[in-house]
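Shown next: work22.csv, given as CSV, C-alpha atoms.
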chain,number,residue,atom,x,y,z
A,24,MET,CA,39.7,-202.1,-196.0
A,25,PRO,CA,37.0,-204.7,-195.3
A,26,ARG,CA,34.4,-205.4,-197.9
A,27,PRO,CA,31.2,-203.4,-197.3
A,28,GLN,CA,28.4,-205.6,-195.9
A,29,LYS,CA,25.6,-206.2,-198.4
A,30,ALA,CA,22.2,-205.0,-197.2
A,31,ARG,CA,19.7,-207.8,-196.6
A,32,ARG,CA,16.3,-207.4,-198.2
A,33,ILE,CA,13.2,-207.7,-196.0
A,34,CYS,CA,9.6,-207.9,-197.0
A,35,CYS,CA,8.1,-205.4,-194.7
A,36,TYR,CA,8.2,-204.0,-191.1
A,37,PRO,CA,6.8,-206.3,-188.4
A,38,ASP,CA,3.5,-205.7,-186.8
A,39,TYR,CA,4.8,-206.2,-183.3
A,40,TRP,CA,8.1,-204.7,-182.2
A,41,SER,CA,8.6,-205.8,-178.6
A,42,PHE,CA,7.8,-208.8,-176.4
A,43,ALA,CA,8.3,-209.1,-172.7
A,44,PRO,CA,7.9,-211.8,-169.9
A,45,ASP,CA,4.8,-211.7,-167.8
A,46,LEU,CA,6.6,-209.9,-165.1
A,47,ASP,CA,6.7,-206.3,-163.8
A,48,ALA,CA,10.1,-205.9,-165.4
A,49,ALA,CA,12.3,-208.1,-167.6
A,50,ASN,CA,15.9,-208.8,-166.5
A,51,ASP,CA,17.3,-207.1,-169.5
A,52,THR,CA,16.7,-206.6,-173.2
A,53,VAL,CA,17.7,-208.5,-176.3
A,54,THR,CA,17.7,-206.5,-179.5
A,55,LEU,CA,16.7,-208.5,-182.6
A,56,SER,CA,17.6,-206.7,-185.8
A,57,LEU,CA,15.1,-206.6,-188.7
A,58,ASP,CA,17.3,-208.8,-190.9
A,59,GLU,CA,17.5,-211.3,-188.0
A,60,PHE,CA,13.7,-211.1,-187.6
A,61,GLU,CA,13.3,-211.8,-191.3
A,62,THR,CA,15.2,-215.1,-191.1
A,63,ILE,CA,13.0,-216.2,-188.3
A,64,ARG,CA,9.9,-215.2,-190.2
A,65,LEU,CA,10.9,-216.9,-193.4
A,66,ILE,CA,12.5,-220.1,-192.0
A,67,ASP,CA,10.6,-220.8,-188.8
A,68,TYR,CA,7.2,-219.2,-189.6
A,69,HIS,CA,6.9,-219.8,-193.4
A,70,SER,CA,9.0,-223.0,-193.3
A,71,LYS,CA,11.4,-221.8,-196.0
A,72,THR,CA,14.8,-223.5,-196.5
A,73,GLN,CA,17.9,-221.5,-195.8
A,74,GLU,CA,18.5,-221.5,-199.6
A,75,GLN,CA,15.0,-220.1,-200.2
A,76,CYS,CA,15.5,-217.5,-197.5
A,77,ALA,CA,18.8,-216.4,-199.0
A,78,GLN,CA,17.1,-215.9,-202.4
A,79,GLU,CA,14.4,-213.8,-200.9
A,80,MET,CA,16.8,-211.7,-198.8
A,81,ASN,CA,19.2,-211.4,-201.8
A,82,VAL,CA,22.3,-212.6,-199.9
A,83,ALA,CA,24.4,-215.8,-199.8
A,84,ARG,CA,23.1,-218.8,-198.0
A,85,THR,CA,26.2,-218.7,-195.7
A,86,THR,CA,25.1,-215.2,-194.7
A,87,VAL,CA,21.6,-216.3,-193.9
A,88,THR,CA,23.0,-219.2,-191.8
A,89,ALA,CA,25.0,-216.8,-189.7
A,90,ILE,CA,22.1,-214.3,-189.3
A,91,TYR,CA,19.7,-217.1,-188.4
A,92,ASP,CA,22.1,-218.7,-185.9
A,93,THR,CA,22.5,-215.4,-184.1
A,94,ALA,CA,18.8,-214.7,-184.1
A,95,ARG,CA,18.0,-218.2,-182.6
A,96,LYS,CA,20.6,-217.7,-179.9
A,97,LYS,CA,19.0,-214.3,-179.0
A,98,LEU,CA,15.5,-215.8,-178.8
A,99,ALA,CA,16.7,-218.6,-176.6
A,100,GLN,CA,18.5,-216.2,-174.4
A,101,ALA,CA,15.3,-214.1,-174.0
A,102,LEU,CA,13.1,-217.2,-173.3
A,103,VAL,CA,15.5,-218.8,-170.8
A,104,GLU,CA,16.7,-215.7,-169.0
A,105,GLY,CA,13.4,-213.8,-169.0
A,106,ARG,CA,14.6,-210.9,-171.2
A,107,ARG,CA,12.5,-208.5,-173.2
A,108,ILE,CA,12.9,-208.7,-177.0
A,109,ILE,CA,13.0,-205.5,-179.0
A,110,ILE,CA,13.1,-205.5,-182.8
A,111,SER,CA,15.1,-202.6,-184.2
A,112,GLY,CA,17.7,-201.6,-186.7
A,113,GLY,CA,20.0,-203.9,-188.7
A,114,ASN,CA,21.6,-203.8,-192.1
A,115,TYR,CA,18.5,-204.1,-194.3
A,116,THR,CA,16.7,-202.7,-197.3
A,117,LEU,CA,12.9,-202.9,-197.8
A,118,ASP,CA,11.4,-204.7,-200.7
A,119,ASN,CA,11.0,-201.6,-202.9
A,120,THR,CA,8.0,-202.7,-204.8
A,121,VAL,CA,5.9,-199.6,-205.3
A,122,SER,CA,2.9,-199.0,-207.4
A,123,GLU,CA,3.7,-197.5,-210.8
A,124,GLU,CA,1.1,-194.8,-210.1
A,125,ILE,CA,3.3,-193.3,-207.4
A,126,THR,CA,5.7,-190.8,-208.9
A,127,ARG,CA,9.2,-190.4,-207.5
A,128,LYS,CA,10.0,-187.1,-205.9
A,129,GLY,CA,13.2,-185.1,-206.0
A,130,SER,CA,15.5,-184.5,-203.0
A,131,THR,CA,14.1,-180.9,-202.5
A,132,ILE,CA,10.5,-182.1,-202.3
A,133,MET,CA,8.7,-182.9,-199.0
A,134,ARG,CA,6.0,-185.6,-199.3
A,135,ILE,CA,3.1,-185.7,-196.9
A,136,ALA,CA,0.9,-188.8,-196.7
A,137,VAL,CA,-2.6,-188.7,-195.2
A,138,THR,CA,-4.8,-191.8,-194.6
A,139,TYR,CA,-7.7,-191.0,-196.9
A,140,GLU,CA,-11.4,-191.6,-197.6
A,141,ASN,CA,-13.8,-189.3,-199.4
A,142,GLY,CA,-11.8,-186.2,-198.6
A,143,GLN,CA,-11.5,-187.0,-194.9
A,144,ILE,CA,-8.7,-188.4,-192.8
A,145,PHE,CA,-9.4,-192.2,-192.5
A,146,GLN,CA,-9.4,-193.1,-188.8
A,147,HIS,CA,-7.9,-196.6,-188.8
A,148,PHE,CA,-4.3,-196.6,-190.0
A,149,GLY,CA,-4.1,-200.4,-190.3
A,150,ARG,CA,-7.3,-200.5,-192.5
A,151,THR,CA,-6.6,-197.6,-194.8
A,152,GLU,CA,-7.2,-198.4,-198.4
A,153,GLN,CA,-5.9,-195.1,-199.8
A,154,PHE,CA,-3.3,-192.4,-199.0
A,155,LYS,CA,-3.4,-188.9,-200.4
A,156,LEU,CA,0.1,-187.7,-201.1
A,157,TYR,CA,1.0,-184.1,-201.1
A,158,ASP,CA,4.3,-182.9,-202.6
A,159,VAL,CA,5.5,-179.7,-201.1
A,160,ALA,CA,8.2,-177.2,-202.2
A,161,ASP,CA,9.0,-173.9,-200.6
A,162,GLY,CA,6.0,-174.3,-198.3
A,163,LYS,CA,3.5,-174.8,-201.1
A,164,ILE,CA,1.7,-177.8,-202.4
A,165,ILE,CA,2.8,-178.5,-206.0
A,166,LYS,CA,1.2,-181.8,-206.5
A,167,GLU,CA,-1.6,-184.0,-205.1
A,168,GLN,CA,-2.1,-187.7,-205.7
A,169,VAL,CA,-4.5,-190.4,-204.3
A,170,VAL,CA,-3.0,-193.9,-204.3
A,171,GLY,CA,-4.3,-197.3,-203.3
A,172,THR,CA,-2.6,-199.5,-200.7
A,173,ASN,CA,-3.5,-202.8,-202.4
A,174,GLY,CA,-4.7,-204.3,-199.1
A,175,ALA,CA,-1.4,-203.9,-197.3
A,176,GLY,CA,-1.6,-204.1,-193.5
A,177,HIS,CA,0.1,-202.4,-190.5
A,178,GLY,CA,3.7,-203.4,-191.0
A,179,ALA,CA,3.4,-203.5,-194.8
A,180,LEU,CA,1.8,-200.0,-194.8
A,181,ALA,CA,4.9,-198.5,-193.1
A,182,GLY,CA,7.1,-200.0,-195.8
A,183,PHE,CA,4.7,-198.8,-198.4
A,184,LEU,CA,5.0,-195.3,-197.1
A,185,LYS,CA,8.8,-195.5,-196.9
A,186,ASN,CA,9.1,-196.8,-200.5
A,187,ALA,CA,6.6,-194.1,-201.5
A,188,GLU,CA,9.2,-191.6,-200.1
A,189,ALA,CA,6.8,-190.1,-197.5
A,190,ASP,CA,8.4,-187.7,-195.0
A,191,VAL,CA,5.3,-187.1,-192.9
A,192,LEU,CA,2.2,-189.1,-192.1
A,193,ILE,CA,-1.0,-187.5,-190.9
A,194,CYS,CA,-3.6,-190.0,-189.7
A,195,GLY,CA,-6.3,-190.8,-187.2
A,196,GLY,CA,-5.8,-193.7,-184.8
A,197,ILE,CA,-2.6,-195.7,-185.1
A,198,GLY,CA,-1.4,-198.6,-183.0
A,199,GLY,CA,1.9,-198.7,-181.0
A,200,GLY,CA,3.5,-201.2,-183.5
A,201,ALA,CA,2.7,-199.0,-186.4
A,202,GLN,CA,4.1,-196.0,-184.5
A,203,MET,CA,7.4,-197.9,-184.0
A,204,ALA,CA,7.4,-198.7,-187.7
A,205,MET,CA,7.1,-195.0,-188.6
A,206,GLN,CA,10.0,-194.3,-186.3
A,207,GLU,CA,12.1,-197.0,-187.9
A,208,ALA,CA,11.2,-195.6,-191.3
A,209,ASP,CA,12.1,-192.1,-190.2
A,210,ILE,CA,8.6,-190.7,-191.1
A,211,ALA,CA,7.3,-187.9,-188.9
A,212,LEU,CA,4.0,-188.9,-187.3
A,213,TYR,CA,1.0,-186.7,-186.7
A,214,GLY,CA,-1.6,-189.1,-185.4
A,215,GLY,CA,-5.0,-188.6,-183.7
A,216,ASN,CA,-6.3,-186.2,-186.3
A,217,ALA,CA,-9.8,-186.1,-187.9
A,218,GLY,CA,-11.7,-184.0,-190.5
A,219,SER,CA,-10.6,-182.8,-193.9
A,220,ALA,CA,-7.3,-184.1,-195.2
A,221,ASP,CA,-6.6,-180.9,-197.1
A,222,GLU,CA,-7.2,-178.8,-194.1
A,223,ALA,CA,-4.9,-180.9,-192.0
A,224,VAL,CA,-2.1,-180.5,-194.5
A,225,ALA,CA,-2.7,-176.8,-194.6
A,226,ALA,CA,-2.5,-176.7,-190.8
A,227,TYR,CA,0.8,-178.7,-190.9
A,228,LEU,CA,2.3,-176.2,-193.4
A,229,ALA,CA,1.1,-173.4,-191.2
A,230,GLN,CA,2.8,-175.1,-188.2
A,231,THR,CA,-0.5,-175.3,-186.3
A,232,LEU,CA,-1.0,-179.1,-186.5
A,233,VAL,CA,-0.4,-180.6,-183.1
A,234,GLN,CA,1.7,-183.8,-182.8
A,235,ASN,CA,-0.5,-186.0,-180.6
A,236,GLU,CA,1.8,-187.9,-178.1
A,237,ASN,CA,-0.7,-190.8,-177.8
A,238,PRO,CA,-2.6,-191.3,-181.0
A,239,THR,CA,-3.1,-195.1,-180.3
A,240,CYS,CA,-6.0,-196.5,-182.1
A,241,ASP,CA,-8.5,-198.0,-179.6
A,242,HIS,CA,-10.7,-199.6,-182.2
A,243,HIS,CA,-9.0,-203.0,-182.2
A,244,HIS,CA,-11.9,-205.1,-183.4
A,245,GLY,CA,-10.7,-206.9,-186.5
A,246,HIS,CA,-7.2,-205.5,-186.4
A,247,GLY,CA,-4.7,-208.1,-187.3
A,248,GLU,CA,-7.3,-210.0,-189.4
A,249,GLY,CA,-6.4,-209.6,-193.0
A,250,HIS,CA,-3.6,-207.2,-192.4
A,251,ALA,CA,-0.6,-209.1,-191.3
A,252,CYS,CA,2.4,-209.8,-193.5
A,253,GLY,CA,1.2,-213.3,-194.3
A,254,THR,CA,-2.0,-211.9,-195.7
A,255,HIS,CA,-0.5,-210.3,-198.7
A,256,LYS,CA,1.5,-213.5,-199.2
A,257,CYS,CA,4.8,-212.0,-198.3
A,258,GLY,CA,7.4,-214.8,-198.4
A,259,GLU,CA,4.9,-217.2,-199.9
A,260,HIS,CA,5.0,-218.5,-203.5
Can you turn what I pasted into structure tokens?
Amino acid sequence: MPRPQKARRICCYPDYWSFAPDLDAANDTVTLSLDEFETIRLIDYHSKTQEQCAQEMNVARTTVTAIYDTARKKLAQALVEGRRIIISGGNYTLDNTVSEEITRKGSTIMRIAVTYENGQIFQHFGRTEQFKLYDVADGKIIKEQVVGTNGAGHGALAGFLKNAEADVLICGGIGGGAQMAMQEADIALYGGNAGSADEAVAAYLAQTLVQNENPTCDHHHGHGEGHACGTHKCGEH
């Protein structure tokens, strides 16, 4: 049997998940895996060597070379042929740095995360400084915990929630990129909510909380400033 492929470590989810030519429709799509995206981010954006990239992704340099070459060919193909680029999937593992204050949960526990400020659902996902975590067993809340995000931004917040073992996110406005990140992280999203965090969780448990199909945050002023991956020095030393 072939040797199992080692998962490649990535810093966080990207803030933007698709790019398209300035046309009504792209000729076709090119899918860039998240590990391919990470090599482009580290080598081309952060000017890392392939050896440094390999260290950060916890794989051999030859592996990075192969991933990077494939990623560059896909980008060239998209640019020359007018194809849409979609970032999705891949053989990767997220950097699992999680605050020590976040307790681990068992396999029978469901964890609900809510963007949080002073008892209310914070309305701007990309700016949230706290989440309130609710651990649920047999339909009842057995533990509550408020945790800080340490200034993480959009893509990093999705990784933060995945590493915090969240199963559900309840929030206010949330951009399209962050919605894609939640989907990639396999976290059920209930966006577009307001009011009491506790009451929203109670409504979720009562199965009366509605899943808003378009919870996109329309307050874009300042978004992207101070929240991108580079802001929390991901990939920089």
Spatial sel., origin (17.8, -208.5, -203.1), limit 9 Å, only C-alpha atoms, listed as a short mmCIF file (atom, residue, chain, number, x, y, z; two decimals) with C-alpha atoms, in the frame of the given file:
data_model
loop_
_atom_site.label_atom_id
_atom_site.label_comp_id
_atom_site.auth_asym_id
_atom_site.auth_seq_id
_atom_site.Cartn_x
_atom_site.Cartn_y
_atom_site.Cartn_z
CA ALA A 30 22.20 -205.00 -197.20
CA ARG A 31 19.70 -207.80 -196.60
CA ARG A 32 16.30 -207.40 -198.20
CA ILE A 33 13.20 -207.70 -196.00
CA ALA A 77 18.80 -216.40 -199.00
CA GLN A 78 17.10 -215.90 -202.40
CA GLU A 79 14.40 -213.80 -200.90
CA MET A 80 16.80 -211.70 -198.80
CA ASN A 81 19.20 -211.40 -201.80
CA VAL A 82 22.30 -212.60 -199.90
CA THR A 116 16.70 -202.70 -197.30
CA ASP A 118 11.40 -204.70 -200.70
#
Exercise. Could you state the separation of CA of Pro44 (chain A) and CA of Glu61 (chain A) in Å, given to one decimal place?
Worked result: 22.1 Å
Contacts of region 53-147 of chain A with region 166-171 of chain A up to 12 Å, shortest pair per row, all atoms listed in the file, as CSV:
residue,atom,partner,partner_atom,distance
A:Val121,CA,A:Val170,CA,10.6
A:Ser122,CA,A:Val170,CA,8.4
A:Glu123,CA,A:Val170,CA,10.0
A:Glu124,CA,A:Val170,CA,7.2
A:Ile125,CA,A:Val170,CA,7.0
A:Thr126,CA,A:Gln168,CA,9.0
A:Arg127,CA,A:Gln168,CA,11.8
A:Lys128,CA,A:Lys166,CA,10.3
A:Ile132,CA,A:Lys166,CA,10.2
A:Met133,CA,A:Lys166,CA,10.7
A:Arg134,CA,A:Lys166,CA,9.5
A:Ile135,CA,A:Glu167,CA,9.6
A:Ala136,CA,A:Val169,CA,9.5
A:Val137,CA,A:Val169,CA,9.5
A:Thr138,CA,A:Val169,CA,9.8
A:Tyr139,CA,A:Val169,CA,8.1
A:Glu140,CA,A:Val169,CA,9.7
A:Asn141,CA,A:Val169,CA,10.6
A:Gly142,CA,A:Val169,CA,10.2
Exercise. How many Å separate CA of Cys35 (chain A) from CA of Tyr213 (chain A)?
Worked result: 21.5 Å
For this session: Please work out which residues fall within 7 Å of (21.3, -205.7, -191.0), coordinates as given in the file, with all atoms listed in the file counting, and return them as a list in words.
Result: Ala30, Arg31, Ser56, Leu57, Asp58, Gly112, Gly113, Asn114 and Tyr115 of chain A
Can you spit out the residues from that selection as a PDB file, in the frame of the given file, using C-alpha atoms?
ATOM      1  CA  ALA A  30      22.200-205.000-197.200  1.00  0.00           C
ATOM      2  CA  ARG A  31      19.700-207.800-196.600  1.00  0.00           C
ATOM      3  CA  SER A  56      17.600-206.700-185.800  1.00  0.00           C
ATOM      4  CA  LEU A  57      15.100-206.600-188.700  1.00  0.00           C
ATOM      5  CA  ASP A  58      17.300-208.800-190.900  1.00  0.00           C
ATOM      6  CA  GLY A 112      17.700-201.600-186.700  1.00  0.00           C
ATOM      7  CA  GLY A 113      20.000-203.900-188.700  1.00  0.00           C
ATOM      8  CA  ASN A 114      21.600-203.800-192.100  1.00  0.00           C
ATOM      9  CA  TYR A 115      18.500-204.100-194.300  1.00  0.00           C
TER      10      TYR A 115
END
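In terms of minimum interatomic distance to Asp190 (chain A), A:Val159 ranks closest within A:Val159, A:Ile66, A:Ala229, A:Ile164, counting all atoms listed in the file.
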Exercise. If you count all atoms listed in the file, which residues fall within 10 Å of Glu222 (chain A), apart from same-chain ones fewer than 6 positions away, as JSON, numbers by chain?
Worked result: {"A": [142, 143, 144, 228, 232]}
Problem set entry | Which of A:Leu212, A:Ala204, A:Ala187, A:Ala181 sits closest to Asn237 (chain A) [using only C-alpha atoms] | A:Leu212
Seminar exercise, completed: Restricting to all atoms listed in the file, whichever of A:Phe148, A:Tyr227, A:Phe183, A:Phe42 is closest to Gln202 (chain A) is A:Phe148
Problem set entry | Residue nearest Leu102 (chain A) - candidates A:Thr72, A:Leu192, A:Asp45, A:Cys34, atoms counted: only C-alpha atoms | A:Asp45
